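Asker: Input: one structure, supplied below.
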Amino acid sequence: MTNIPETGRTPRVQIRLVIIQILVVSLLLTLGGRLWYLQIRNGDEYAEEASGNHVQQVVQPAVRGSILDARGVPIADNETRLVVSASRTDLMKMKDDGKAVLTKLADVLDMKPEDVEGKVRLCDAKTPQPCWNGSPYQPIPITDEATPKQALQIRERSEDFPGITAEPTAVRRYAAPGKSNTAQVLGYLSPVTDEEIKKAENSDSPFLRSDQVGRSGLERTYDKQLRGKAGVTRYEVDNLGRVIGEAESDDAKPGANVVTSIDARVQAVSEYWLNDAMKKARHEFDKNTGENYKADAGAVVVMENKTGRIVSMASNPTYDPNAWVGGISGKDYSRLTGKQSNYPLLNRAIQGQAAPGSIFKVIPTTAAVRAGYRFNGRYPCPSSYSIGGQTFKNFESKGHGSITLGQALEVSCDTVFYKLSHDQWAKDGGNKPKKDPNDWFYRTAHEFGLGKETGIDLPNEVTGRVPDRQWKKDYWKANKDAWCKQGKKGGEYAERIAYENCLEGMKMRAGDSVNYSIGQGDTLVTPIQMASIYSAIANGGTMYNPTVGKAIISADGKQVEEIAPKSHGKLPMDAALRKDIDGALADVATRGTAAWRFQGWPQDKIPMHAKTGTAEVYGKQTTSWFATYTKDYSIVMTIAQGGTGSGASGPAVRKIYNAIYGLDDDGKQDPKKALLPEPEKNLPKIETDGSIDAPKIKPYKPEAPKPPAGEQELAGAPANWRRD
């Protein structure tokens, strides 16, 4: 065998080896550089992305807690419905932004395509309702009333409906037991917004994108307790999305139940008779305007005297809160917010402001005694009272001779209060007030709680208004330029008034003080304020913060947090004066302006106290007020443009009392028919499984009314009654 010299191949082999070595080294350097770039320079960024890509979250929404009446009857709870939802992010990936899919979906759901498109449209300042005001990254409900057939069509043809789901879901239900609507007290829900999610990120109760949030009423006040905490399960997945393990799991915690002091039966009765009173008022002729009363809005409050708890609260016009469940339609939204609807979303018991008329007179009575006038002194009650060239008349221009302050309340004599207020205005310096005027009539109103919130546990309460000297100055500053521009010394009436206001609008005139003394002029109150005042007179003088919430009870019934009544002070009257006013208000119900509405009432068993009010409103018909109390409850009703106090509101208030105490129109009591002869003290029991043994409530059906009383039947009433 011939040996080949080694030197014959050495150069070629060496070149190849060098090239291979260079390639290997280059490859290693490239890989090393890339590894440094991925792990060192951008390591944190890619580690975070890799973690996100391999961990997926599945959110299990928490079941929202129920809102219960005082006996445990659900007035807001949940029910399972078939909900069809759309993923807006999936739809936006399509060339036509999902329009074709939504059109097909509308056909399946028997809806108009524009209505379906409106559901997934995002809300902003320029976008009209309907639109989606929640997060664009959560499923947007199209309907919560899908039939099983419709849901099956969507699921079986999933390729035709990308981004669309149809799943059974727990949704809010406003049960209206016994036809008790309770809309403005309960409020409604809508989806959480991105802004709210961001704001609550560091709080102890952060939002998830799937959350619904209370927007008004109890749903808003107790949202945190009702909402609970959603469950989140995190899964480890590979690059293909296959689950390779469970990383972490937080169980959902259902929301707590809110027990209220509302009695659904009394609520149904209050709503019925308020609506009935308004309908009847529309058939009454107003001789001042030459047309029937409009009676376009009203409210009634039933309050426990010794606690300030609300037994019922009704506002009219009203609405069905279920309209908001699953997203409100454009038609419903327009109906609820349009001017023609007269704004049914307003809770007029806490947001409706009006001059109180004569139910205000308990305040100037107190003020007069504080100013040094004797309650049982004698004061002239002529048919009219003149100041300069202006005459202020008594209601129906009646005079009652020389009477006491108690009798002035009984017959609702305006001229007694005109003179007392005018005298005090003069003592304080008139148009040129002293440095520190007593202002008894205005100071007393503030100490009765007017001009500020009562503290009720419902959102958006308004304060009303006490038109004292400071308010006059502030109001003049705000309107001076407009008055001066419009005013004309020798012009028409409106121009002359504007001219006077331009020059002296900051002054407390004698006429302002006189009008104020009978709850007229610029004075504004709310029904809840007046109910609080009359319940305080009834209970001995303690002013409570009105409350609807009574207790927070966990879903399993193990944890109970009672909401105790809170007081914010005492009425500015001593025990003797309170007793005197209490007696005068009893006389109003037995022989005064409210007597004809309480004929046959068992005064010996259930003493009734009342005050009527008819407030004049510039440019509108009179406002009807009726304020009453027994030892247990106070009821205040008002009807805007409804006529007189006892004429419009009186019969309805009597009917509510009849139902509470089990009385017929003749005053005979049947304890078995009494809905709430005494306030409910016990809390409903919630079992560990969340069940409640709540009583069933039948829809309220009033007994057939007796024929209306004629003038001859009313002849038995005391001679001095009138329809104030």
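By convention here, the chains of the structure tokens are called A, B, ... in the order presented, each chain's residues are numbered starting at 1, and ligands are numbered starting at 1 in the order presented.
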Run DSSP on the backbone and tell me which residues of region 11-158 of chain A come out as helix (DSSP H, G or I); list them as a ChimeraX atom specification.

Answerer: /A:11-41,43-54,88-92,99-109,113-120,148-156,158

Asker: Just want the 8 Å neighbourhood of region 530-535 of chain A, counted on only C-alpha atoms, with same-chain residues fewer than 6 positions away dropped. Output as a list in words.

Answerer: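 Once the adjacent positions are removed, what remains is Val301, Val302, Met303, Glu304, Asn305, Lys306, Gly308, Phe448, Gly449, Thr454, Met543, Tyr544, Asn545, Pro546, Ala627, Thr628, Tyr629, Tyr633, Ser634, Ile635 and Val636 of chain A.
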
Asker: Region 572-671 of chain A near region 505-519 of chain A within 12 Å: what's each residue's closest atom pair and its distance in Å to one decimal, counting only C-alpha atoms, ordered by chain then ascending residue number, as JSON lines?

Answerer:
```
{"residue": "A:Thr612", "atom": "CA", "partner": "A:Ile518", "partner_atom": "CA", "distance": 11.8}
{"residue": "A:Gly613", "atom": "CA", "partner": "A:Gly519", "partner_atom": "CA", "distance": 8.9}
{"residue": "A:Thr614", "atom": "CA", "partner": "A:Gly519", "partner_atom": "CA", "distance": 9.5}
{"residue": "A:Ala615", "atom": "CA", "partner": "A:Gly519", "partner_atom": "CA", "distance": 7.5}
{"residue": "A:Glu616", "atom": "CA", "partner": "A:Gly519", "partner_atom": "CA", "distance": 9.5}
{"residue": "A:Val617", "atom": "CA", "partner": "A:Gly519", "partner_atom": "CA", "distance": 11.1}
{"residue": "A:Thr623", "atom": "CA", "partner": "A:Gly519", "partner_atom": "CA", "distance": 11.6}
{"residue": "A:Trp625", "atom": "CA", "partner": "A:Gly519", "partner_atom": "CA", "distance": 11.3}
```

Asker: Restrict the selected residues to C-alpha atoms and save them as a PDB file, in the first residue's frame.

Answerer:
```pdb
ATOM      1  CA  THR A 612    -102.987  71.270  55.831  1.00  0.00           C
ATOM      2  CA  GLY A 613    -101.174  73.432  53.300  1.00  0.00           C
ATOM      3  CA  THR A 614    -102.005  75.077  49.981  1.00  0.00           C
ATOM      4  CA  ALA A 615     -98.990  76.829  48.479  1.00  0.00           C
ATOM      5  CA  GLU A 616     -99.244  79.378  45.696  1.00  0.00           C
ATOM      6  CA  VAL A 617     -96.628  79.084  42.950  1.00  0.00           C
ATOM      7  CA  THR A 623     -99.355  72.848  45.477  1.00  0.00           C
ATOM      8  CA  TRP A 625     -99.614  69.572  51.134  1.00  0.00           C
TER       9      TRP A 625
END
```

Asker: Need the shell around Thr622 (chain A): protein/DNA/RNA residues with any atom at most 10 Å away, counting only C-alpha atoms. Skip same-chain ones fewer than 4 positions apart. Format as a list in words?

Answerer: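 Listed by chain and then number, they are Asp286, Asn288, Tyr293, Lys294, Ala295, Ala355, Gly357, Gly613, Thr614, Ala615, Glu616, Val617, Tyr618, Ile639, Ala640, Gln641, Gly642, Gly643, Thr644 and Gly645 of chain A.
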
Asker: Could you write out the selected residues, including N, CA and C atoms, as a compact mmCIF listing (two decimals), in the first residue's frame?

Answerer:
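Listed below is the output, out-v4.txt:
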```txt
# COMPACT_ATOMS: atom_id res chain seq x y z
N ASP A 286 -110.12 74.20 38.59
CA ASP A 286 -109.39 75.28 39.25
C ASP A 286 -109.96 76.60 38.78
N ASN A 288 -109.17 79.53 39.52
CA ASN A 288 -108.18 80.59 39.30
C ASN A 288 -107.61 80.57 37.89
N TYR A 293 -107.10 70.97 37.37
CA TYR A 293 -105.74 70.89 37.92
C TYR A 293 -104.90 69.91 37.10
N LYS A 294 -103.63 70.23 36.93
CA LYS A 294 -102.73 69.36 36.15
C LYS A 294 -102.24 68.18 36.98
N ALA A 295 -102.00 68.39 38.28
CA ALA A 295 -101.53 67.32 39.17
C ALA A 295 -100.47 66.47 38.48
N ALA A 355 -92.68 75.42 47.68
CA ALA A 355 -93.10 76.20 48.84
C ALA A 355 -94.04 75.33 49.68
N GLY A 357 -96.34 76.18 52.03
CA GLY A 357 -97.64 76.67 52.45
C GLY A 357 -97.81 76.54 53.96
N GLY A 613 -101.92 72.36 53.96
CA GLY A 613 -101.17 73.43 53.30
C GLY A 613 -101.53 73.56 51.84
N THR A 614 -101.74 74.79 51.39
CA THR A 614 -102.00 75.08 49.98
C THR A 614 -101.06 76.20 49.57
N ALA A 615 -100.04 75.86 48.81
CA ALA A 615 -98.99 76.83 48.48
C ALA A 615 -99.19 77.39 47.08
N GLU A 616 -99.14 78.72 46.99
CA GLU A 616 -99.24 79.38 45.70
C GLU A 616 -97.87 79.40 45.02
N VAL A 617 -97.87 79.13 43.73
CA VAL A 617 -96.63 79.08 42.95
C VAL A 617 -96.79 79.99 41.74
N TYR A 618 -95.87 80.92 41.55
CA TYR A 618 -95.99 81.88 40.45
C TYR A 618 -96.00 81.15 39.10
N ILE A 639 -98.78 67.18 46.24
CA ILE A 639 -99.13 67.03 44.84
C ILE A 639 -98.94 68.38 44.16
N ALA A 640 -98.01 68.43 43.21
CA ALA A 640 -97.76 69.67 42.48
C ALA A 640 -98.93 69.98 41.57
N GLN A 641 -99.37 71.24 41.58
CA GLN A 641 -100.51 71.69 40.78
C GLN A 641 -101.74 70.81 41.02
N GLY A 642 -101.95 70.50 42.32
CA GLY A 642 -103.01 69.57 42.68
C GLY A 642 -104.19 70.19 43.39
N GLY A 643 -104.08 71.48 43.79
CA GLY A 643 -105.20 72.11 44.48
C GLY A 643 -104.91 72.31 45.94
N THR A 644 -105.92 72.17 46.79
CA THR A 644 -105.77 72.43 48.21
C THR A 644 -105.19 71.23 48.94
N GLY A 645 -104.69 71.49 50.17
CA GLY A 645 -104.06 70.43 50.93
C GLY A 645 -105.00 69.31 51.31
```

Asker: Closest to Asp110 (chain A) among A:Glu145, A:Asp582, A:Asp97, A:Glu562, using only C-alpha atoms?

Answerer: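 Between A:Glu145, A:Asp582, A:Asp97, A:Glu562, the residue approaching Asp110 (chain A) most closely is A:Glu145.
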
Asker: Quick one: pick out all strand (DSSP E) residues within region 132-214 of chain A from a backbone DSSP run and write them as a list in words.

Answerer: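 Written out, the strand (DSSP E) residues of region 132-214 of chain A are Ile140, Pro141, Ile142, Thr143, Ile164, Thr165, Ala166, Glu167, Pro168, Thr169, Ala170, Val171, Arg172, Arg173, Leu189, Ser190, Pro191, Gln212, Val213 and Gly214 of chain A.
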
Asker: Output the selection as a short mmCIF file (atom, residue, chain, number, x, y, z; two decimals), in the first residue's frame - N, CA, C and O atoms for each residue.

Answerer:
```cif
data_model
loop_
_atom_site.label_atom_id
_atom_site.label_comp_id
_atom_site.auth_asym_id
_atom_site.auth_seq_id
_atom_site.Cartn_x
_atom_site.Cartn_y
_atom_site.Cartn_z
N ILE A 140 -70.69 42.90 25.83
CA ILE A 140 -71.76 43.89 25.88
C ILE A 140 -73.10 43.18 25.66
O ILE A 140 -73.32 42.58 24.60
N PRO A 141 -73.99 43.20 26.65
CA PRO A 141 -75.27 42.49 26.49
C PRO A 141 -76.16 43.16 25.44
O PRO A 141 -76.34 44.37 25.44
N ILE A 142 -76.68 42.34 24.55
CA ILE A 142 -77.62 42.81 23.53
C ILE A 142 -79.05 42.65 24.02
O ILE A 142 -79.89 43.53 23.87
N THR A 143 -79.33 41.52 24.65
CA THR A 143 -80.65 41.27 25.23
C THR A 143 -80.51 40.26 26.35
O THR A 143 -79.63 39.38 26.30
N ILE A 164 -70.07 36.62 19.20
CA ILE A 164 -71.39 36.63 19.84
C ILE A 164 -71.52 35.41 20.75
O ILE A 164 -71.17 34.29 20.35
N THR A 165 -72.01 35.61 21.96
CA THR A 165 -72.24 34.51 22.89
C THR A 165 -73.68 34.52 23.36
O THR A 165 -74.33 35.57 23.39
N ALA A 166 -74.17 33.36 23.74
CA ALA A 166 -75.51 33.21 24.32
C ALA A 166 -75.39 32.27 25.52
O ALA A 166 -75.23 31.06 25.34
N GLU A 167 -75.45 32.85 26.72
CA GLU A 167 -75.20 32.07 27.93
C GLU A 167 -76.25 32.38 28.99
O GLU A 167 -76.73 33.52 29.09
N PRO A 168 -76.59 31.38 29.82
CA PRO A 168 -77.45 31.67 30.98
C PRO A 168 -76.66 32.49 32.00
O PRO A 168 -75.54 32.14 32.36
N THR A 169 -77.23 33.59 32.45
CA THR A 169 -76.53 34.53 33.33
C THR A 169 -77.50 35.04 34.40
O THR A 169 -78.68 35.25 34.13
N ALA A 170 -76.96 35.24 35.60
CA ALA A 170 -77.76 35.84 36.67
C ALA A 170 -77.85 37.34 36.43
O ALA A 170 -76.83 38.03 36.35
N VAL A 171 -79.07 37.86 36.30
CA VAL A 171 -79.27 39.29 36.05
C VAL A 171 -80.20 39.86 37.13
O VAL A 171 -80.94 39.14 37.80
N ARG A 172 -80.14 41.18 37.28
CA ARG A 172 -80.93 41.85 38.31
C ARG A 172 -82.42 41.77 38.01
O ARG A 172 -82.83 41.84 36.84
N ARG A 173 -83.20 41.64 39.06
CA ARG A 173 -84.65 41.61 38.91
C ARG A 173 -85.26 42.49 40.00
O ARG A 173 -84.91 42.38 41.17
N LEU A 189 -78.89 49.78 37.93
CA LEU A 189 -77.49 49.45 37.67
C LEU A 189 -77.12 49.79 36.23
O LEU A 189 -77.96 49.82 35.35
N SER A 190 -75.82 50.03 36.02
CA SER A 190 -75.28 50.11 34.66
C SER A 190 -73.82 49.66 34.71
O SER A 190 -73.22 49.61 35.80
N PRO A 191 -73.20 49.34 33.57
CA PRO A 191 -71.84 48.79 33.56
C PRO A 191 -70.80 49.76 34.11
O PRO A 191 -70.92 50.98 33.97
N GLN A 212 -71.33 45.42 37.33
CA GLN A 212 -72.42 46.38 37.20
C GLN A 212 -72.40 47.25 38.46
O GLN A 212 -72.16 46.76 39.56
N VAL A 213 -72.66 48.53 38.29
CA VAL A 213 -72.52 49.48 39.39
C VAL A 213 -73.85 50.18 39.65
O VAL A 213 -74.57 50.54 38.70
N GLY A 214 -74.17 50.39 40.92
CA GLY A 214 -75.39 51.12 41.28
C GLY A 214 -75.27 52.58 40.89
O GLY A 214 -74.29 53.25 41.21
#
```

Asker: When you draw a straight line from CA of Gly647 (chain A) to CA of Glu271 (chain A), how long is it in Å?

Answerer: 18.3 Å

Asker: In terms of the shortest atom-to-atom distance over only C-alpha atoms, which of A:Arg220, A:Leu676, A:Val73, A:Pro467 is closest to Asp693 (chain A)?

Answerer: A:Val73

Asker: Counting only C-alpha atoms, which residues of region 322-381 of chain A sit at most 12 Å from some atom of region 456-464 of chain A, and what is each one's closest atom pair with its distance in Å to one decimal, listed by chain and rising residue number, as JSON lines?

Answerer:
```
{"residue": "A:Leu345", "atom": "CA", "partner": "A:Asn460", "partner_atom": "CA", "distance": 11.7}
{"residue": "A:Leu346", "atom": "CA", "partner": "A:Asn460", "partner_atom": "CA", "distance": 9.5}
{"residue": "A:Asn347", "atom": "CA", "partner": "A:Glu461", "partner_atom": "CA", "distance": 8.8}
{"residue": "A:Arg348", "atom": "CA", "partner": "A:Glu461", "partner_atom": "CA", "distance": 9.5}
{"residue": "A:Ala349", "atom": "CA", "partner": "A:Glu461", "partner_atom": "CA", "distance": 9.0}
{"residue": "A:Ile350", "atom": "CA", "partner": "A:Glu461", "partner_atom": "CA", "distance": 5.2}
{"residue": "A:Gln351", "atom": "CA", "partner": "A:Val462", "partner_atom": "CA", "distance": 5.3}
{"residue": "A:Gly352", "atom": "CA", "partner": "A:Val462", "partner_atom": "CA", "distance": 7.9}
{"residue": "A:Gln353", "atom": "CA", "partner": "A:Gly464", "partner_atom": "CA", "distance": 6.0}
{"residue": "A:Ala354", "atom": "CA", "partner": "A:Gly464", "partner_atom": "CA", "distance": 8.0}
{"residue": "A:Ala355", "atom": "CA", "partner": "A:Gly464", "partner_atom": "CA", "distance": 9.2}
{"residue": "A:Pro356", "atom": "CA", "partner": "A:Gly464", "partner_atom": "CA", "distance": 10.5}
```

Asker: Any idea what's packed within 12 Å of Lys149 (chain A), counting only C-alpha atoms, ignoring anything in its chain fewer than 5 positions away? Could you give it as an NGL selection string?

Answerer: :A and (82 or 108-109 or 154-156 or 166)

Asker: Once you have the residues from the selection above, write them out as a CSV table (one decimal), in the first residue's frame, restricted to N, CA, C and O atoms.

Answerer:
```csv
chain,number,residue,atom,x,y,z
A,82,LEU,N,-81.3,34.0,29.7
A,82,LEU,CA,-80.4,33.7,28.6
A,82,LEU,C,-80.0,35.1,28.0
A,82,LEU,O,-80.8,35.9,27.5
A,108,VAL,N,-82.2,37.1,14.0
A,108,VAL,CA,-82.5,36.0,14.9
A,108,VAL,C,-83.2,36.5,16.1
A,108,VAL,O,-84.2,35.8,16.6
A,109,LEU,N,-82.9,37.6,16.6
A,109,LEU,CA,-83.5,38.1,17.9
A,109,LEU,C,-84.8,38.9,17.7
A,109,LEU,O,-85.4,39.4,18.6
A,154,ILE,N,-77.8,30.6,17.7
A,154,ILE,CA,-76.5,31.3,17.8
A,154,ILE,C,-75.4,30.4,18.1
A,154,ILE,O,-74.3,30.5,17.5
A,155,ARG,N,-75.6,29.5,19.0
A,155,ARG,CA,-74.5,28.6,19.4
A,155,ARG,C,-74.2,27.5,18.3
A,155,ARG,O,-73.1,27.1,18.1
A,156,GLU,N,-75.3,27.0,17.7
A,156,GLU,CA,-75.1,26.0,16.6
A,156,GLU,C,-74.4,26.6,15.4
A,156,GLU,O,-73.8,25.9,14.6
A,166,ALA,N,-74.2,33.4,23.7
A,166,ALA,CA,-75.5,33.2,24.3
A,166,ALA,C,-75.4,32.3,25.5
A,166,ALA,O,-75.2,31.1,25.3
```

Asker: Give me, as a VMD selection string, all polymer residues having an atom no more than 12 Å from Pro136 (chain A), counting only C-alpha atoms and skipping those fewer than 4 positions away in the same chain.

Answerer: chain A and resid 86 to 92 119 to 123 131 to 132 140 to 141 191 to 195 209 to 210
